[in-house]
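Source file: data_34.cif (mmCIF, C-alpha atoms and all ligand atoms)
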```cif
data_input
loop_
_atom_site.label_atom_id
_atom_site.label_comp_id
_atom_site.auth_asym_id
_atom_site.auth_seq_id
_atom_site.Cartn_x
_atom_site.Cartn_y
_atom_site.Cartn_z
CA MET U 1012 35.53 -36.35 -29.02
CA THR U 1013 36.13 -37.56 -25.50
CA ALA U 1014 33.35 -37.30 -22.96
CA SER U 1015 34.26 -35.44 -19.82
CA PRO U 1016 34.40 -37.59 -16.73
CA ARG U 1017 31.58 -37.36 -14.22
CA LEU U 1018 33.44 -37.12 -10.98
CA PRO U 1019 32.06 -38.19 -7.63
CA ARG U 1020 32.25 -35.88 -4.65
CA PRO U 1021 35.24 -37.00 -2.57
CA ASN U 1022 34.14 -35.04 0.50
CA PRO U 1023 30.53 -33.81 0.36
CA GLY U 1024 30.96 -31.54 3.41
CA ASP U 1025 33.66 -29.48 1.72
CA SER U 1026 32.26 -26.87 -0.68
CA ALA U 1027 35.51 -26.78 -2.69
CA ALA U 1028 35.36 -30.55 -3.07
CA ASP U 1029 31.75 -30.34 -4.26
CA ARG U 1030 32.87 -28.66 -7.47
CA THR U 1031 34.04 -30.94 -10.21
CA HIS U 1032 37.61 -30.52 -11.33
CA LEU U 1033 37.46 -30.95 -15.10
CA PRO U 1034 40.12 -30.15 -17.72
CA MET U 1035 39.91 -26.93 -19.69
CA ARG U 1036 41.08 -27.57 -23.24
CA PRO U 1037 43.44 -26.83 -24.97
CA LEU U 1038 45.74 -25.83 -22.08
CA TRP U 1039 44.65 -28.68 -19.80
CA GLY U 1040 44.38 -26.67 -16.63
CA CYS U 1041 41.71 -27.50 -14.07
CA GLY U 1042 38.57 -25.42 -14.59
CA THR U 1043 38.03 -25.18 -10.82
CA CYS U 1044 41.41 -24.81 -9.10
CA ARG U 1045 43.54 -23.82 -12.15
CA ALA U 1046 46.24 -26.42 -11.39
CA GLU U 1047 47.54 -28.71 -14.13
CA TRP U 1048 44.86 -31.32 -14.84
CA PRO U 1049 44.50 -33.90 -13.39
CA CYS U 1050 44.83 -31.79 -10.25
CA PRO U 1051 44.95 -33.47 -6.81
CA ALA U 1052 41.15 -33.21 -6.41
CA ALA U 1053 40.55 -34.72 -9.86
CA ARG U 1054 43.02 -37.53 -9.11
CA ALA U 1055 41.27 -38.32 -5.84
CA ALA U 1056 37.87 -38.35 -7.54
CA LEU U 1057 39.13 -40.54 -10.39
CA LEU U 1058 40.67 -43.01 -7.94
CA ILE U 1059 37.31 -43.25 -6.15
CA GLU U 1060 35.33 -43.60 -9.35
CA TYR U 1061 37.66 -46.25 -10.80
CA ARG U 1062 38.65 -47.95 -7.53
CA GLU U 1063 37.37 -51.30 -8.83
CA ASN U 1064 39.17 -51.03 -12.17
CA LEU U 1065 42.46 -49.13 -12.23
CA VAL U 1066 43.26 -50.66 -15.63
CA ALA U 1067 40.24 -48.83 -17.08
CA LEU U 1068 41.44 -45.62 -15.40
CA ARG U 1069 44.88 -45.99 -17.01
CA VAL U 1070 43.29 -46.62 -20.43
CA TYR U 1071 41.05 -43.56 -19.98
CA LEU U 1072 43.97 -41.38 -18.85
CA SER U 1073 46.12 -42.65 -21.72
CA ALA U 1074 43.49 -41.46 -24.18
CA LEU U 1075 43.32 -38.07 -22.47
CA MET U 1076 47.12 -37.84 -22.39
CA THR U 1077 47.21 -38.40 -26.16
CA GLU U 1078 44.61 -35.66 -26.64
CA ALA U 1079 46.54 -33.32 -24.32
CA ASP U 1080 49.82 -34.06 -26.09
CA ALA U 1081 48.33 -33.08 -29.44
CA GLN U 1082 46.73 -29.91 -28.08
CA LEU U 1083 49.66 -28.79 -25.91
CA SER U 1084 52.15 -29.30 -28.74
CA GLN U 1085 50.13 -26.80 -30.80
CA VAL U 1086 50.60 -24.14 -28.13
CA ASN U 1087 54.24 -25.07 -27.40
CA ARG U 1088 53.57 -26.09 -23.81
CA ALA U 1089 56.14 -28.72 -22.94
CA SER U 1090 55.12 -30.99 -20.11
CA ASP U 1091 55.99 -34.41 -18.72
CA LEU U 1092 52.63 -35.88 -19.62
CA TYR U 1093 53.40 -39.42 -18.47
CA ARG U 1094 54.15 -38.14 -14.96
CA ARG U 1095 51.10 -35.93 -15.04
CA PHE U 1096 48.56 -38.42 -16.41
CA LEU U 1097 49.74 -41.92 -15.50
CA ALA U 1098 52.60 -42.14 -13.01
CA TRP U 1099 50.31 -41.52 -10.01
CA VAL U 1100 47.86 -44.40 -10.76
ZN ZN U 1201 41.23 -28.86 -9.74
#
```

Could you quickly redo this structure as C-alpha cells?
Ligand SMILES: [Zn+2]
Amino acid sequence: MTASPRLPRPNPGDSAADRTHLPMRPLWGCGTCRAEWPCPAARAALLIEYRENLVALRVYLSALMTEADAQLSQVNRASDLYRRFLAWV
C-alpha cells in the first residue's frame, strides 16, 4: 500500500490551489480537478515538495506508475504512463 502524498499549497491565496490534487484509484484521475493524475496542480505541488531531491520524486513517481500500470491494465485503459508520470520531472 502506497501512502498518498501530502501536498503543499502552491498558491495559498487561490481556493482551487488550496485543495489537494490526489489520485483516485483505480482510474488514476485527480480527485479534485478530474484530469489525469498527476494533473498540473499535483505536478507543481510535487515539484515544490521535492525541490531539494528530484531523484526521490522520480523514485516515488516510478512506484506510483507501476501501481497505476497494474490497475489501469485491469480496466483496459491504455495510457503513456512514462510521459504522464516521469517525463515532466
Ligand atoms: Zn488535479

Segment 1042-1073 of chain U near segment 1083-1092 of chain U within 12 Å: what's each residue's closest atom pair and its distance in Å to one decimal, counting all atoms listed in the file, ordered by chain then ascending residue number, as CSV?
```
residue,atom,partner,partner_atom,distance
U:Glu1047,CA,U:Ser1090,CA,9.9
U:Trp1048,CA,U:Leu1092,CA,10.2
U:Pro1049,CA,U:Leu1092,CA,10.4
U:Leu1072,CA,U:Leu1092,CA,10.3
U:Ser1073,CA,U:Leu1092,CA,9.6
```

Q: Please write out the residues within 8 Å of ligand ZN 1201 (chain U) as a list of chain:residue names, counting all atoms listed in the file.
A: U:Thr1031, U:His1032, U:Leu1033, U:Gly1040, U:Cys1041, U:Gly1042, U:Thr1043, U:Cys1044, U:Arg1045, U:Ala1046, U:Glu1047, U:Trp1048, U:Pro1049, U:Cys1050, U:Pro1051, U:Ala1052, U:Ala1053

Q: Find the distance between atom CA of Arg1094 of chain U and atom CA of Leu1075 of chain U and write it in Å to one decimal.
A: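 Distance between the two atoms: 13.2 Å.
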
Q: Quick one: pull the distance between atom CA of Arg1030 of chain U and atom CA of Glu1078 of chain U, Å, one decimal.
A: 23.5 Å

Q: Could you tell me how far atom CA of Leu1097 of chain U lies from atom CA of Arg1069 of chain U, in Å and to one decimal?
A: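 For atom CA of Leu1097 of chain U relative to atom CA of Arg1069 of chain U, the distance reads 6.5 Å.
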
Q | Residue among U:Arg1054, U:Leu1068, U:Ala1098, U:Tyr1093 lying closest to Asp1080 of chain U, counting all atoms listed in the file | A |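 Nearest to Asp1080 of chain U: U:Tyr1093.
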
Q: Have a look at U:Leu1038, U:Ala1074, U:Ala1081, U:Val1100 and name the one nearest to Arg1062 of chain U; count only C-alpha atoms.
A: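 Using only C-alpha atoms, Arg1062 of chain U sits closest to U:Val1100.
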
Q | Among listed residues U:Ala1079, U:Ala1055, U:Tyr1071, U:Asn1064, nearest Trp1099 of chain U (using all atoms listed in the file) | A |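 Once distances to Trp1099 of chain U are computed over all atoms listed in the file, the minimum belongs to U:Ala1055.
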
Your completed segment 1057-1090 of chain U with N, CA and C atoms, as a PDB file, in the frame of the given file:
```pdb
ATOM      1  N   LEU U1057      38.961 -39.456  -9.412  1.00  0.00           N
ATOM      2  CA  LEU U1057      39.130 -40.540 -10.390  1.00  0.00           C
ATOM      3  C   LEU U1057      39.474 -41.850  -9.698  1.00  0.00           C
ATOM      4  N   LEU U1058      40.322 -41.783  -8.668  1.00  0.00           N
ATOM      5  CA  LEU U1058      40.670 -43.010  -7.940  1.00  0.00           C
ATOM      6  C   LEU U1058      39.445 -43.597  -7.253  1.00  0.00           C
ATOM      7  N   ILE U1059      38.553 -42.752  -6.768  1.00  0.00           N
ATOM      8  CA  ILE U1059      37.310 -43.250  -6.150  1.00  0.00           C
ATOM      9  C   ILE U1059      36.414 -43.856  -7.218  1.00  0.00           C
ATOM     10  N   GLU U1060      36.234 -43.130  -8.309  1.00  0.00           N
ATOM     11  CA  GLU U1060      35.330 -43.600  -9.350  1.00  0.00           C
ATOM     12  C   GLU U1060      35.809 -44.916  -9.966  1.00  0.00           C
ATOM     13  N   TYR U1061      37.114 -45.065 -10.135  1.00  0.00           N
ATOM     14  CA  TYR U1061      37.660 -46.250 -10.800  1.00  0.00           C
ATOM     15  C   TYR U1061      38.305 -47.215  -9.808  1.00  0.00           C
ATOM     16  N   ARG U1062      37.966 -47.142  -8.539  1.00  0.00           N
ATOM     17  CA  ARG U1062      38.650 -47.950  -7.530  1.00  0.00           C
ATOM     18  C   ARG U1062      38.543 -49.447  -7.813  1.00  0.00           C
ATOM     19  N   GLU U1063      37.518 -49.880  -8.505  1.00  0.00           N
ATOM     20  CA  GLU U1063      37.370 -51.300  -8.830  1.00  0.00           C
ATOM     21  C   GLU U1063      38.075 -51.690 -10.113  1.00  0.00           C
ATOM     22  N   ASN U1064      38.579 -50.712 -10.867  1.00  0.00           N
ATOM     23  CA  ASN U1064      39.170 -51.030 -12.170  1.00  0.00           C
ATOM     24  C   ASN U1064      40.217 -49.977 -12.551  1.00  0.00           C
ATOM     25  N   LEU U1065      41.390 -50.097 -11.941  1.00  0.00           N
ATOM     26  CA  LEU U1065      42.460 -49.130 -12.230  1.00  0.00           C
ATOM     27  C   LEU U1065      42.997 -49.294 -13.646  1.00  0.00           C
ATOM     28  N   VAL U1066      42.836 -50.477 -14.235  1.00  0.00           N
ATOM     29  CA  VAL U1066      43.260 -50.660 -15.630  1.00  0.00           C
ATOM     30  C   VAL U1066      42.425 -49.747 -16.526  1.00  0.00           C
ATOM     31  N   ALA U1067      41.121 -49.710 -16.294  1.00  0.00           N
ATOM     32  CA  ALA U1067      40.240 -48.830 -17.080  1.00  0.00           C
ATOM     33  C   ALA U1067      40.621 -47.369 -16.878  1.00  0.00           C
ATOM     34  N   LEU U1068      41.011 -47.002 -15.653  1.00  0.00           N
ATOM     35  CA  LEU U1068      41.440 -45.620 -15.400  1.00  0.00           C
ATOM     36  C   LEU U1068      42.701 -45.305 -16.201  1.00  0.00           C
ATOM     37  N   ARG U1069      43.646 -46.234 -16.240  1.00  0.00           N
ATOM     38  CA  ARG U1069      44.880 -45.990 -17.010  1.00  0.00           C
ATOM     39  C   ARG U1069      44.583 -45.892 -18.499  1.00  0.00           C
ATOM     40  N   VAL U1070      43.665 -46.701 -19.005  1.00  0.00           N
ATOM     41  CA  VAL U1070      43.290 -46.620 -20.430  1.00  0.00           C
ATOM     42  C   VAL U1070      42.640 -45.261 -20.708  1.00  0.00           C
ATOM     43  N   TYR U1071      41.723 -44.849 -19.827  1.00  0.00           N
ATOM     44  CA  TYR U1071      41.050 -43.560 -19.980  1.00  0.00           C
ATOM     45  C   TYR U1071      42.053 -42.402 -19.945  1.00  0.00           C
ATOM     46  N   LEU U1072      42.979 -42.446 -18.965  1.00  0.00           N
ATOM     47  CA  LEU U1072      43.970 -41.380 -18.850  1.00  0.00           C
ATOM     48  C   LEU U1072      44.955 -41.396 -20.018  1.00  0.00           C
ATOM     49  N   SER U1073      45.248 -42.567 -20.545  1.00  0.00           N
ATOM     50  CA  SER U1073      46.120 -42.650 -21.720  1.00  0.00           C
ATOM     51  C   SER U1073      45.487 -41.939 -22.910  1.00  0.00           C
ATOM     52  N   ALA U1074      44.192 -42.128 -23.086  1.00  0.00           N
ATOM     53  CA  ALA U1074      43.490 -41.460 -24.180  1.00  0.00           C
ATOM     54  C   ALA U1074      43.510 -39.937 -23.979  1.00  0.00           C
ATOM     55  N   LEU U1075      43.283 -39.505 -22.746  1.00  0.00           N
ATOM     56  CA  LEU U1075      43.320 -38.070 -22.470  1.00  0.00           C
ATOM     57  C   LEU U1075      44.724 -37.505 -22.630  1.00  0.00           C
ATOM     58  N   MET U1076      45.738 -38.289 -22.243  1.00  0.00           N
ATOM     59  CA  MET U1076      47.120 -37.840 -22.390  1.00  0.00           C
ATOM     60  C   MET U1076      47.457 -37.639 -23.867  1.00  0.00           C
ATOM     61  N   THR U1077      46.978 -38.539 -24.710  1.00  0.00           N
ATOM     62  CA  THR U1077      47.210 -38.400 -26.160  1.00  0.00           C
ATOM     63  C   THR U1077      46.545 -37.133 -26.679  1.00  0.00           C
ATOM     64  N   GLU U1078      45.322 -36.883 -26.236  1.00  0.00           N
ATOM     65  CA  GLU U1078      44.610 -35.660 -26.640  1.00  0.00           C
ATOM     66  C   GLU U1078      45.357 -34.420 -26.135  1.00  0.00           C
ATOM     67  N   ALA U1079      45.810 -34.451 -24.895  1.00  0.00           N
ATOM     68  CA  ALA U1079      46.540 -33.320 -24.320  1.00  0.00           C
ATOM     69  C   ALA U1079      47.857 -33.088 -25.044  1.00  0.00           C
ATOM     70  N   ASP U1080      48.542 -34.181 -25.390  1.00  0.00           N
ATOM     71  CA  ASP U1080      49.820 -34.060 -26.090  1.00  0.00           C
ATOM     72  C   ASP U1080      49.614 -33.341 -27.418  1.00  0.00           C
ATOM     73  N   ALA U1081      48.587 -33.721 -28.150  1.00  0.00           N
ATOM     74  CA  ALA U1081      48.330 -33.080 -29.440  1.00  0.00           C
ATOM     75  C   ALA U1081      47.984 -31.602 -29.258  1.00  0.00           C
ATOM     76  N   GLN U1082      47.164 -31.295 -28.278  1.00  0.00           N
ATOM     77  CA  GLN U1082      46.730 -29.910 -28.080  1.00  0.00           C
ATOM     78  C   GLN U1082      47.849 -29.045 -27.498  1.00  0.00           C
ATOM     79  N   LEU U1083      48.601 -29.584 -26.535  1.00  0.00           N
ATOM     80  CA  LEU U1083      49.660 -28.790 -25.910  1.00  0.00           C
ATOM     81  C   LEU U1083      50.823 -28.562 -26.872  1.00  0.00           C
ATOM     82  N   SER U1084      51.063 -29.504 -27.769  1.00  0.00           N
ATOM     83  CA  SER U1084      52.150 -29.300 -28.740  1.00  0.00           C
ATOM     84  C   SER U1084      51.818 -28.168 -29.701  1.00  0.00           C
ATOM     85  N   GLN U1085      50.532 -27.898 -29.924  1.00  0.00           N
ATOM     86  CA  GLN U1085      50.130 -26.800 -30.800  1.00  0.00           C
ATOM     87  C   GLN U1085      50.354 -25.438 -30.143  1.00  0.00           C
ATOM     88  N   VAL U1086      50.385 -25.413 -28.830  1.00  0.00           N
ATOM     89  CA  VAL U1086      50.600 -24.140 -28.130  1.00  0.00           C
ATOM     90  C   VAL U1086      51.983 -24.088 -27.478  1.00  0.00           C
ATOM     91  N   ASN U1087      52.859 -25.046 -27.874  1.00  0.00           N
ATOM     92  CA  ASN U1087      54.240 -25.070 -27.400  1.00  0.00           C
ATOM     93  C   ASN U1087      54.342 -25.118 -25.880  1.00  0.00           C
ATOM     94  N   ARG U1088      53.510 -25.930 -25.262  1.00  0.00           N
ATOM     95  CA  ARG U1088      53.570 -26.090 -23.810  1.00  0.00           C
ATOM     96  C   ARG U1088      54.178 -27.446 -23.508  1.00  0.00           C
ATOM     97  N   ALA U1089      55.474 -27.468 -23.265  1.00  0.00           N
ATOM     98  CA  ALA U1089      56.140 -28.720 -22.940  1.00  0.00           C
ATOM     99  C   ALA U1089      55.723 -29.171 -21.546  1.00  0.00           C
ATOM    100  N   SER U1090      55.524 -30.469 -21.403  1.00  0.00           N
ATOM    101  CA  SER U1090      55.120 -30.990 -20.110  1.00  0.00           C
ATOM    102  C   SER U1090      55.453 -32.474 -20.061  1.00  0.00           C
TER     103      SER U1090
END
```
